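Participant: So that you have it, the file is target-v4.txt, and it contains compact mmCIF, C-alpha atoms and all ligand atoms:
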# COMPACT_ATOMS: atom_id res chain seq x y z
CA MET K 8 17.08 -0.29 -1.36
CA ASN K 9 20.40 1.34 -0.87
CA LEU K 10 19.96 3.75 1.99
CA ILE K 11 22.37 5.37 4.41
CA ILE K 12 21.97 4.62 8.10
CA LEU K 13 22.78 7.84 9.92
CA PRO K 14 25.00 7.90 12.99
CA LYS K 15 23.58 9.32 16.19
CA SER K 16 24.29 13.02 16.64
CA LYS K 17 27.11 12.35 19.07
CA ASP K 18 28.95 10.15 16.61
CA LEU K 19 28.19 12.46 13.73
CA LEU K 20 29.71 15.36 15.66
CA ASP K 21 32.70 13.35 16.88
CA VAL K 22 33.62 12.38 13.34
CA ALA K 23 32.97 15.89 12.04
CA PHE K 24 35.22 17.51 14.64
CA ARG K 25 37.95 14.92 14.16
CA LYS K 26 37.93 15.45 10.40
CA ALA K 27 38.02 19.22 10.98
CA ARG K 28 41.00 18.96 13.30
CA LYS K 29 42.86 16.80 10.83
CA ALA K 30 42.09 18.99 7.83
CA SER K 31 43.19 22.11 9.61
CA ALA K 32 46.40 20.47 10.85
CA MET K 33 47.19 19.47 7.27
CA LEU K 34 47.30 23.10 6.21
CA LYS K 35 50.79 24.45 6.16
CA SER K 36 51.45 27.22 8.63
CA GLU K 37 51.48 30.79 7.41
CA ARG K 38 54.00 33.32 8.68
CA ASN K 39 51.34 35.93 8.72
CA VAL K 40 49.57 35.32 12.06
CA ILE K 41 46.11 36.56 11.13
CA LYS K 42 46.22 34.79 7.77
CA ASP K 43 47.22 31.58 9.56
CA ALA K 44 44.44 31.88 12.13
CA LYS K 45 41.84 32.64 9.48
CA GLY K 46 42.87 29.80 7.19
CA LYS K 47 42.98 27.11 9.85
CA ASN K 48 39.82 28.09 11.63
CA ILE K 49 37.81 28.50 8.45
CA LYS K 50 39.01 25.04 7.46
CA ARG K 51 37.66 23.62 10.73
CA ILE K 52 34.27 25.18 10.15
CA GLU K 53 34.06 24.16 6.53
CA THR K 54 35.16 20.60 7.11
CA SER K 55 32.88 19.89 10.04
CA ALA K 56 29.83 21.55 8.52
CA ASN K 57 30.31 19.95 5.11
CA TYR K 58 30.69 16.49 6.55
CA ILE K 59 27.51 16.74 8.60
CA SER K 60 25.67 18.34 5.74
CA GLU K 61 26.70 15.63 3.29
CA MET K 62 25.60 12.87 5.60
CA LEU K 63 22.24 14.46 6.22
CA LEU K 64 21.79 15.22 2.55
CA ARG K 65 22.45 11.62 1.59
CA ALA K 66 19.54 10.47 3.73
CA ASN K 67 17.27 12.76 1.76
CA LEU K 68 18.73 12.05 -1.67
CA GLU K 69 18.80 8.28 -1.33
CA PHE K 70 15.27 8.01 -0.02
CA PRO K 71 12.99 7.00 -2.89
CA ASN K 72 10.69 9.58 -4.37
CA MET K 73 7.28 8.19 -3.50
CA LYS K 74 5.85 9.47 -6.77
CA GLU K 75 8.31 7.42 -8.77
CA VAL K 76 8.40 4.22 -6.76
CA ASN K 77 7.21 1.11 -8.53
CA PRO K 78 3.73 0.18 -7.22
CA PHE K 79 5.01 -3.15 -5.93
CA TYR K 80 7.59 -1.44 -3.74
CA CYS K 81 5.17 1.32 -2.86
CA GLU K 82 2.74 -1.17 -1.40
CA LEU K 83 5.53 -2.96 0.42
CA MET K 84 6.79 0.32 1.83
CA GLU K 85 3.34 1.26 3.00
CA SER K 86 3.01 -1.99 4.85
CA THR K 87 6.47 -2.03 6.41
CA ILE K 88 7.09 1.57 7.47
CA ASP K 89 5.21 4.67 8.49
CA ILE K 90 5.85 6.73 5.39
CA ASN K 91 4.49 10.02 6.70
CA GLN K 92 6.52 9.83 9.87
CA THR K 93 9.62 8.98 7.86
CA LEU K 94 9.11 11.88 5.46
CA LYS K 95 8.57 14.17 8.42
CA ALA K 96 11.83 13.00 9.97
CA LEU K 97 13.59 13.60 6.64
CA GLY K 98 12.05 17.06 6.43
CA HIS K 99 13.38 17.89 9.88
CA ILE K 100 16.81 16.55 8.96
CA SER K 101 16.81 18.62 5.79
CA ALA K 102 15.74 21.81 7.58
CA GLU K 103 18.43 21.49 10.26
CA ARG K 104 20.98 20.83 7.56
CA ARG K 105 20.15 24.13 5.92
CA ILE K 106 20.52 25.92 9.25
CA ILE K 107 23.92 24.33 9.77
CA LEU K 108 25.02 25.58 6.35
CA LYS K 109 23.77 29.04 7.18
CA LEU K 110 25.67 29.06 10.49
CA LYS K 111 28.73 27.92 8.60
CA GLY K 112 28.43 30.90 6.25
CA ASN K 113 28.00 33.31 9.14
CA ALA K 114 30.91 31.98 11.14
CA ILE K 115 33.22 32.01 8.13
CA GLY K 116 32.13 35.56 7.33
CA ARG K 117 32.94 36.70 10.83
CA ILE K 118 36.38 35.12 10.70
CA LYS K 119 37.11 36.66 7.33
CA GLY K 120 36.21 40.08 8.74
CA LEU K 121 38.70 39.92 11.60
CA GLU K 122 41.34 42.67 11.72
CA LYS K 123 45.07 42.06 11.82
CA GLN K 124 45.32 42.32 15.60
CA GLU K 125 42.30 40.06 16.18
CA SER K 126 43.88 36.68 15.42
CA THR K 127 42.94 35.29 18.84
CA LYS K 128 39.28 35.87 18.12
CA ALA K 129 39.12 33.22 15.39
CA ALA K 130 39.24 30.12 17.60
CA PRO K 131 36.38 31.31 19.85
CA ILE K 132 34.21 31.79 16.78
CA VAL K 133 34.82 28.16 15.87
CA LYS K 134 34.06 27.12 19.42
CA GLU K 135 30.80 29.00 19.33
CA PHE K 136 29.97 27.47 15.95
CA TYR K 137 30.70 23.98 17.29
CA GLY K 138 28.47 24.66 20.24
CA ARG K 139 25.60 25.73 18.05
CA ILE K 140 25.80 22.84 15.60
CA SER K 141 26.13 20.45 18.54
CA GLY K 142 22.87 21.78 19.91
CA LEU K 143 21.19 21.49 16.52
CA ALA K 144 22.48 17.98 15.88
CA LYS K 145 21.32 16.75 19.27
CA LYS K 146 17.83 17.95 18.48
CA LEU K 147 17.95 15.71 15.43
CA ASP K 148 18.37 12.47 17.33
CA LYS K 149 14.70 11.62 17.44
CA SER K 150 14.32 12.21 13.70
CA ILE K 151 17.51 10.29 12.95
CA GLU K 152 16.14 7.40 14.97
CA ASN K 153 12.82 7.47 13.14
CA TYR K 154 14.49 7.70 9.77
CA ASN K 155 16.96 4.92 10.59
CA ARG K 156 14.22 2.59 11.75
CA SER K 157 12.51 2.93 8.37
CA ALA K 158 15.74 2.81 6.38
CA LYS K 159 16.74 -0.46 8.03
CA LYS K 160 13.41 -2.00 7.07
CA LEU K 161 13.57 -0.69 3.52
CA LYS K 162 17.07 -2.04 3.09
CA GLU K 163 15.65 -5.48 3.77
CA LEU K 164 13.00 -5.35 1.08
CA PRO K 165 13.61 -8.04 -1.51
CA LYS K 166 15.51 -7.12 -4.61
CA VAL K 167 13.14 -8.24 -7.32
CA LYS K 168 13.28 -6.93 -10.83
CA THR K 169 10.23 -4.83 -11.51
CA ASP K 170 11.05 -4.44 -15.18
CA LEU K 171 10.97 -8.14 -16.09
CA PRO K 172 7.85 -10.13 -16.93
CA THR K 173 7.18 -12.11 -13.80
CA ALA K 174 5.30 -15.20 -12.71
CA ILE K 175 4.60 -15.94 -9.04
CA ILE K 176 4.47 -19.50 -7.78
CA ALA K 177 1.77 -20.52 -5.30
CA GLY K 178 0.52 -23.72 -3.73
CA TYR K 179 0.68 -25.60 -0.43
CA PRO K 180 4.05 -26.52 1.05
CA ASN K 181 5.76 -29.62 -0.35
CA THR K 182 3.74 -29.68 -3.53
CA GLY K 183 6.98 -29.20 -5.46
CA LYS K 184 7.23 -25.45 -6.04
CA SER K 185 10.96 -25.15 -5.40
CA THR K 186 11.62 -28.20 -7.49
CA ILE K 187 9.69 -26.72 -10.39
CA LEU K 188 11.46 -23.39 -10.06
CA GLY K 189 14.81 -25.14 -10.09
CA ARG K 190 13.97 -27.24 -13.14
CA LEU K 191 12.56 -24.34 -15.10
CA THR K 192 15.35 -21.92 -14.43
CA LYS K 193 18.19 -24.40 -14.30
CA SER K 194 20.30 -22.26 -11.99
CA LYS K 195 20.30 -22.01 -8.24
CA PRO K 196 17.57 -19.56 -7.22
CA LYS K 197 18.51 -16.28 -5.65
CA ILE K 198 17.23 -15.90 -2.13
CA ALA K 199 15.61 -12.68 -0.96
CA ALA K 200 14.07 -11.81 2.39
CA TYR K 201 10.47 -10.70 2.39
CA PRO K 202 8.77 -8.95 5.23
CA PHE K 203 5.81 -10.84 6.78
CA THR K 204 7.46 -14.22 6.38
CA THR K 205 10.27 -15.92 8.20
CA GLN K 206 11.04 -17.77 5.01
CA LYS K 207 12.76 -16.32 2.00
CA LEU K 208 11.61 -15.73 -1.53
CA GLU K 209 13.28 -17.87 -4.13
CA ILE K 210 13.88 -16.07 -7.40
CA GLY K 211 14.91 -17.66 -10.67
CA TYR K 212 15.07 -16.55 -14.28
CA LEU K 213 13.67 -18.48 -17.17
CA LEU K 214 15.40 -17.75 -20.46
CA HIS K 215 13.51 -18.06 -23.66
CA LYS K 216 15.05 -16.80 -26.86
CA TYR K 217 15.81 -13.15 -26.11
CA GLN K 218 13.47 -12.97 -23.23
CA LYS K 219 14.09 -13.31 -19.54
CA ILE K 220 11.18 -14.15 -17.30
CA GLN K 221 11.34 -13.83 -13.54
CA LEU K 222 9.90 -16.67 -11.48
CA ILE K 223 9.33 -16.15 -7.79
CA ASP K 224 8.51 -18.86 -5.27
CA THR K 225 6.84 -17.41 -2.21
CA PRO K 226 7.18 -19.81 0.72
CA GLY K 227 5.21 -18.67 3.73
CA LEU K 228 3.02 -16.38 1.64
CA LEU K 229 0.92 -18.00 -1.03
CA ASP K 230 1.01 -21.44 0.52
CA ARG K 231 -1.81 -21.31 3.03
CA PRO K 232 -5.26 -19.78 3.35
CA LEU K 233 -5.29 -16.02 3.19
CA ASP K 234 -7.77 -15.62 6.01
CA GLU K 235 -5.09 -16.81 8.42
CA ARG K 236 -3.19 -13.60 7.70
CA ASN K 237 -3.40 -10.26 9.41
CA LYS K 238 -4.10 -7.07 7.52
CA ILE K 239 -0.48 -6.07 7.03
CA GLU K 240 0.49 -9.51 5.77
CA ARG K 241 -2.41 -9.33 3.35
CA LYS K 242 -1.01 -6.09 1.99
CA GLY K 243 2.38 -7.71 1.60
CA ILE K 244 0.74 -10.50 -0.37
CA ALA K 245 -1.40 -8.13 -2.42
CA ALA K 246 1.74 -6.25 -3.46
CA PHE K 247 2.48 -9.13 -5.82
CA ARG K 248 -0.50 -8.04 -7.87
CA HIS K 249 1.67 -5.23 -9.22
CA LEU K 250 4.43 -7.63 -10.13
CA ALA K 251 2.78 -10.77 -11.46
CA GLU K 252 1.86 -11.23 -15.09
CA ALA K 253 0.89 -14.78 -14.24
CA ILE K 254 0.57 -17.10 -11.28
CA VAL K 255 1.69 -20.69 -11.35
CA PHE K 256 -0.41 -22.73 -8.95
CA VAL K 257 1.14 -26.05 -8.03
CA ALA K 258 -1.14 -28.86 -6.86
CA ASP K 259 -0.09 -32.24 -5.50
CA PRO K 260 -2.53 -35.03 -6.34
CA THR K 261 -0.69 -37.64 -4.27
CA MET K 262 -1.28 -36.28 -0.80
CA GLN K 263 2.46 -36.62 -0.20
CA CYS K 264 2.43 -32.95 0.64
CA GLY K 265 -0.01 -33.63 3.47
CA PHE K 266 -2.87 -31.44 2.23
CA GLU K 267 -6.07 -32.89 0.84
CA LEU K 268 -7.08 -32.00 -2.65
CA GLU K 269 -10.13 -30.11 -1.38
CA LYS K 270 -7.91 -27.85 0.67
CA GLN K 271 -5.72 -27.23 -2.31
CA VAL K 272 -8.75 -26.32 -4.40
CA ASN K 273 -9.86 -23.89 -1.71
CA LEU K 274 -6.47 -22.21 -1.72
CA PHE K 275 -6.62 -21.99 -5.49
CA ASN K 276 -10.03 -20.32 -5.31
CA GLU K 277 -8.76 -17.80 -2.77
CA ILE K 278 -5.75 -16.94 -4.86
CA GLU K 279 -7.85 -16.62 -7.99
CA LYS K 280 -10.05 -14.13 -6.16
CA GLU K 281 -7.17 -12.21 -4.60
CA PHE K 282 -5.40 -11.83 -7.94
CA GLU K 283 -8.44 -11.33 -10.09
CA GLY K 284 -7.55 -10.62 -13.69
CA ILE K 285 -4.14 -12.25 -13.53
CA PRO K 286 -4.02 -15.55 -15.42
CA ILE K 287 -3.34 -18.64 -13.33
CA ILE K 288 -1.57 -21.65 -14.73
CA VAL K 289 -2.37 -24.77 -12.73
CA VAL K 290 0.19 -27.50 -12.57
CA ILE K 291 -0.73 -30.94 -11.32
CA ASN K 292 2.67 -31.99 -10.16
CA LYS K 293 4.08 -35.39 -9.22
CA ALA K 294 2.13 -37.00 -12.04
CA ASP K 295 4.80 -39.69 -12.02
CA ALA K 296 4.00 -40.66 -8.44
CA ALA K 297 0.22 -40.34 -8.53
CA SER K 298 -2.20 -43.22 -8.98
CA LYS K 299 -4.67 -43.18 -11.84
CA GLU K 300 -7.52 -42.33 -9.48
CA GLU K 301 -5.58 -39.52 -7.85
CA LEU K 302 -4.79 -38.04 -11.20
CA GLU K 303 -8.35 -38.28 -12.43
CA LYS K 304 -9.63 -36.63 -9.29
CA ALA K 305 -7.11 -33.82 -9.59
CA LYS K 306 -7.85 -33.28 -13.27
CA LYS K 307 -11.53 -32.98 -12.48
CA ALA K 308 -10.83 -30.49 -9.72
CA PHE K 309 -8.53 -28.42 -11.89
CA GLU K 310 -9.79 -28.40 -15.43
CA LYS K 311 -7.25 -27.09 -17.92
CA ALA K 312 -4.37 -28.01 -15.69
CA ILE K 313 -0.98 -29.02 -16.97
CA LEU K 314 0.36 -32.36 -15.82
CA GLU K 315 3.89 -32.45 -14.64
CA GLY K 316 6.25 -35.00 -13.33
CA GLU K 317 9.13 -35.54 -15.62
CA GLY K 318 10.08 -33.15 -18.38
CA ILE K 319 8.70 -30.07 -16.72
CA GLU K 320 10.44 -27.73 -19.16
CA SER K 321 8.13 -28.67 -21.96
CA GLY K 322 4.55 -27.88 -21.01
CA LEU K 323 4.79 -25.43 -18.15
CA GLY K 324 7.74 -23.50 -19.52
CA LYS K 325 5.96 -22.98 -22.82
CA GLU K 326 2.76 -21.93 -21.13
CA ILE K 327 4.57 -19.36 -18.98
CA VAL K 328 6.33 -17.92 -21.99
CA ARG K 329 3.05 -17.83 -23.91
CA ILE K 330 1.23 -15.89 -21.21
CA VAL K 331 3.96 -13.79 -19.68
CA GLY K 332 6.38 -13.37 -22.51
CA GLU K 333 4.25 -11.80 -25.14
CA ASN K 334 4.45 -8.22 -23.93
N1 LIG G 1 7.59 -37.89 -7.27
C1 LIG G 1 7.76 -36.58 -7.39
N2 LIG G 1 8.22 -35.88 -6.33
C2 LIG G 1 8.40 -34.55 -6.46
C3 LIG G 1 8.12 -33.88 -7.68
N3 LIG G 1 8.39 -32.56 -7.50
C4 LIG G 1 8.81 -32.43 -6.23
N4 LIG G 1 8.81 -33.61 -5.58
C5 LIG G 1 9.20 -33.85 -4.19
O1 LIG G 1 8.30 -33.20 -3.31
C6 LIG G 1 8.97 -32.72 -2.15
C7 LIG G 1 8.70 -31.24 -1.96
O2 LIG G 1 9.27 -30.48 -3.04
P1 LIG G 1 9.61 -28.94 -2.92
O3 LIG G 1 10.01 -28.51 -4.28
O4 LIG G 1 10.56 -28.68 -1.82
O5 LIG G 1 8.17 -28.36 -2.52
P2 LIG G 1 7.76 -26.85 -2.09
O6 LIG G 1 7.63 -26.87 -0.61
O7 LIG G 1 6.43 -26.67 -2.72
O8 LIG G 1 8.79 -25.93 -2.60
C8 LIG G 1 10.43 -33.00 -2.39
O9 LIG G 1 10.77 -34.18 -1.67
C9 LIG G 1 10.53 -33.24 -3.87
O10 LIG G 1 11.58 -34.10 -4.19
C10 LIG G 1 7.65 -34.67 -8.79
O11 LIG G 1 7.39 -34.17 -9.89
N5 LIG G 1 7.49 -35.98 -8.58
MG MG G 2 9.89 -24.50 -1.47
Could you quickly redo this structure as structure tokens?

Facilitator:
Amino acid sequence: MNLIILPKSKDLLDVAFRKARKASAMLKSERNVIKDAKGKNIKRIETSANYISEMLLRANLEFPNMKEVNPFYCELMESTIDINQTLKALGHISAERRIILKLKGNAIGRIKGLEKQESTKAAPIVKEFYGRISGLAKKLDKSIENYNRSAKKLKELPKVKTDLPTAIIAGYPNTGKSTILGRLTKSKPKIAAYPFTTQKLEIGYLLHKYQKIQLIDTPGLLDRPLDERNKIERKGIAAFRHLAEAIVFVADPTMQCGFELEKQVNLFNEIEKEFEGIPIIVVINKADAASKEELEKAKKAFEKAILEGEGIESGLGKEIVRIVGEN
């Protein structure tokens, strides 16, 4: 997500006042003393207030509307940030912004109302205005901090396409998931960080006729038993339910991956339960390297599986397109 990180109040004010000084100095001097004082001091107020207001407004505008967020991201947001606290911080920021704009209007009004002989009264009005917005901005620091903490986390959410038909790849480490993704999508996968795992998602796109299908490998997520995860990680895993039209489960019959077939079957059963209703395509990979016995055993364990070794594009690619690509 593209979100602004707000400066602390001190920095916000420093920049605002510097911009105000500059903008007012850029105005050409007026011969008429009161006109000159009014023009320059109003410029200082306008420039400083508008800058702060724009920054604060951006935080509110850029933050996603929770009612419109895609369910996948919604679930990820719920498990990575405290949404209520963040919305409260944004509410505070928005309220203070409105007060700053009101103070701006008042101060400008007072300057405009000054009489001819009152030109020296303009600068003190600005000073008073600066003092008041400084006080207001400082009170915002806690909310800015809370908002920023969430914004930083949201900025790190993976950029997956929620509008493309998508298949998620699962299976124990070293069963060949990345290899399959690479072969199916032919281009180097995009890498995206995902909360709850130190590893990165690998995202590739399978092109079939006019259709583009998103394939996501999920190292660190769907590659070990779910009961080893804490509640928040489970939510991060469950979020894929909103994204996946199909799951590709990769099994390794050779034991080269280091996990017995029974364990792999258990993981399959867990995933099937977790993603109930979403079709799972099982791939028995490394068919080229497996012995006859290993293959037979794997085929028995996973009925209806697709065998893969060489020529992966053929069977699996077609099956993904058949299941995922029809809508
Ligand atoms: N013999 C054979 N080896 C494979 C096959 N697919 C992957 N491998 C090897 O298995 C190892 C793990 O593959 P990788 O794609 O990184 O597995 P991942 O951890 O599931 O992503 C690598 O050394 C691959 O070269 C295959 O079809 N046949
Ligand atoms: Mg991998």

Participant: Name the residues, by chain letter and number, that sit within 8 Å of ligand LIG 1 (chain G) using only C-alpha atoms and all ligand atoms, and give them as an mmCIF file with C-alpha atoms, keeping the file's coordinate frame.

Facilitator:
data_model
loop_
_atom_site.group_PDB
_atom_site.id
_atom_site.type_symbol
_atom_site.label_atom_id
_atom_site.label_comp_id
_atom_site.auth_asym_id
_atom_site.auth_seq_id
_atom_site.Cartn_x
_atom_site.Cartn_y
_atom_site.Cartn_z
ATOM 1 C CA GLY K 178 0.520 -23.720 -3.730
ATOM 2 C CA TYR K 179 0.680 -25.600 -0.430
ATOM 3 C CA PRO K 180 4.050 -26.520 1.050
ATOM 4 C CA ASN K 181 5.760 -29.620 -0.350
ATOM 5 C CA THR K 182 3.740 -29.680 -3.530
ATOM 6 C CA GLY K 183 6.980 -29.200 -5.460
ATOM 7 C CA LYS K 184 7.230 -25.450 -6.040
ATOM 8 C CA SER K 185 10.960 -25.150 -5.400
ATOM 9 C CA THR K 186 11.620 -28.200 -7.490
ATOM 10 C CA ILE K 187 9.690 -26.720 -10.390
ATOM 11 C CA LEU K 188 11.460 -23.390 -10.060
ATOM 12 C CA ASP K 224 8.510 -18.860 -5.270
ATOM 13 C CA PRO K 226 7.180 -19.810 0.720
ATOM 14 C CA VAL K 257 1.140 -26.050 -8.030
ATOM 15 C CA GLN K 263 2.460 -36.620 -0.200
ATOM 16 C CA CYS K 264 2.430 -32.950 0.640
ATOM 17 C CA ASN K 292 2.670 -31.990 -10.160
ATOM 18 C CA LYS K 293 4.080 -35.390 -9.220
ATOM 19 C CA ALA K 294 2.130 -37.000 -12.040
ATOM 20 C CA ASP K 295 4.800 -39.690 -12.020
ATOM 21 C CA ALA K 296 4.000 -40.660 -8.440
ATOM 22 C CA ALA K 297 0.220 -40.340 -8.530
ATOM 23 C CA GLU K 315 3.890 -32.450 -14.640
ATOM 24 C CA GLY K 316 6.250 -35.000 -13.330
ATOM 25 C CA GLU K 317 9.130 -35.540 -15.620
#

Participant: With all atoms listed in the file as the counted atoms, please give the residues lying no more than 12 Å from K:Ile288, apart from itself and same-chain residues fewer than 5 positions off, as a PyMOL selection string.

Facilitator: chain K and resi 174-178+252-258+275+278-279+309-314+322-331

Participant: Could you turn the residues from that selection into a file that holds C-alpha atoms, as a short mmCIF file (atom, residue, chain, number, x, y, z; two decimals), in the frame of the given file?

Facilitator:
data_model
loop_
_atom_site.label_atom_id
_atom_site.label_comp_id
_atom_site.auth_asym_id
_atom_site.auth_seq_id
_atom_site.Cartn_x
_atom_site.Cartn_y
_atom_site.Cartn_z
CA ALA K 174 5.30 -15.20 -12.71
CA ILE K 175 4.60 -15.94 -9.04
CA ILE K 176 4.47 -19.50 -7.78
CA ALA K 177 1.77 -20.52 -5.30
CA GLY K 178 0.52 -23.72 -3.73
CA GLU K 252 1.86 -11.23 -15.09
CA ALA K 253 0.89 -14.78 -14.24
CA ILE K 254 0.57 -17.10 -11.28
CA VAL K 255 1.69 -20.69 -11.35
CA PHE K 256 -0.41 -22.73 -8.95
CA VAL K 257 1.14 -26.05 -8.03
CA ALA K 258 -1.14 -28.86 -6.86
CA PHE K 275 -6.62 -21.99 -5.49
CA ILE K 278 -5.75 -16.94 -4.86
CA GLU K 279 -7.85 -16.62 -7.99
CA PHE K 309 -8.53 -28.42 -11.89
CA GLU K 310 -9.79 -28.40 -15.43
CA LYS K 311 -7.25 -27.09 -17.92
CA ALA K 312 -4.37 -28.01 -15.69
CA ILE K 313 -0.98 -29.02 -16.97
CA LEU K 314 0.36 -32.36 -15.82
CA GLY K 322 4.55 -27.88 -21.01
CA LEU K 323 4.79 -25.43 -18.15
CA GLY K 324 7.74 -23.50 -19.52
CA LYS K 325 5.96 -22.98 -22.82
CA GLU K 326 2.76 -21.93 -21.13
CA ILE K 327 4.57 -19.36 -18.98
CA VAL K 328 6.33 -17.92 -21.99
CA ARG K 329 3.05 -17.83 -23.91
CA ILE K 330 1.23 -15.89 -21.21
CA VAL K 331 3.96 -13.79 -19.68
#

Participant: Just want the 12 Å neighbourhood of K:Gln92, counted on all atoms listed in the file, with same-chain residues fewer than 5 positions away dropped. Output as a list in words.

Facilitator: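 These residues fall inside the cut-off: Glu85, Leu97, Gly98, His99, Lys149, Ser150, Ile151, Glu152, Asn153, Tyr154, Asn155, Arg156 and Ser157 of chain K.
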
Participant: Quick one: which stretch 221-297 of chain K residues come within 10 Å of stretch 191-206 of chain K, and what is the nearest atom pair for each with the distance in Å to one decimal, counting all atoms listed in the file, rows ordered by chain and ascending number, as JSON lines?

Facilitator:
{"residue": "K:Gln221", "atom": "CA", "partner": "K:Thr192", "partner_atom": "CA", "distance": 9.1}
{"residue": "K:Leu222", "atom": "CA", "partner": "K:Thr192", "partner_atom": "CA", "distance": 8.1}
{"residue": "K:Ile223", "atom": "CA", "partner": "K:Pro196", "partner_atom": "CA", "distance": 8.9}
{"residue": "K:Asp224", "atom": "CA", "partner": "K:Pro196", "partner_atom": "CA", "distance": 9.3}
{"residue": "K:Thr225", "atom": "CA", "partner": "K:Gln206", "partner_atom": "CA", "distance": 8.4}
{"residue": "K:Pro226", "atom": "CA", "partner": "K:Gln206", "partner_atom": "CA", "distance": 6.1}
{"residue": "K:Gly227", "atom": "CA", "partner": "K:Thr204", "partner_atom": "CA", "distance": 5.6}
{"residue": "K:Leu228", "atom": "CA", "partner": "K:Thr204", "partner_atom": "CA", "distance": 6.8}
{"residue": "K:Arg236", "atom": "CA", "partner": "K:Phe203", "partner_atom": "CA", "distance": 9.5}
{"residue": "K:Asn237", "atom": "CA", "partner": "K:Phe203", "partner_atom": "CA", "distance": 9.6}
{"residue": "K:Ile239", "atom": "CA", "partner": "K:Phe203", "partner_atom": "CA", "distance": 7.9}
{"residue": "K:Glu240", "atom": "CA", "partner": "K:Phe203", "partner_atom": "CA", "distance": 5.6}
{"residue": "K:Arg241", "atom": "CA", "partner": "K:Phe203", "partner_atom": "CA", "distance": 9.0}
{"residue": "K:Lys242", "atom": "CA", "partner": "K:Phe203", "partner_atom": "CA", "distance": 9.6}
{"residue": "K:Gly243", "atom": "CA", "partner": "K:Phe203", "partner_atom": "CA", "distance": 7.0}
{"residue": "K:Ile244", "atom": "CA", "partner": "K:Phe203", "partner_atom": "CA", "distance": 8.8}

Participant: From the set K:Ile59, K:Ile88, K:Ala44, K:Ala144, which residue has the shortest atom-to-atom contact distance to K:Arg25, counting only C-alpha atoms?

Facilitator: K:Ile59

Participant: Calculated over all atoms listed in the file, which of the candidates K:Lys95, K:Lys207, K:Arg104, K:Lys26 has the smallest distance to ligand MG 2 (chain G)?

Facilitator: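 The closest residue to ligand MG 2 (chain G) is K:Lys207.
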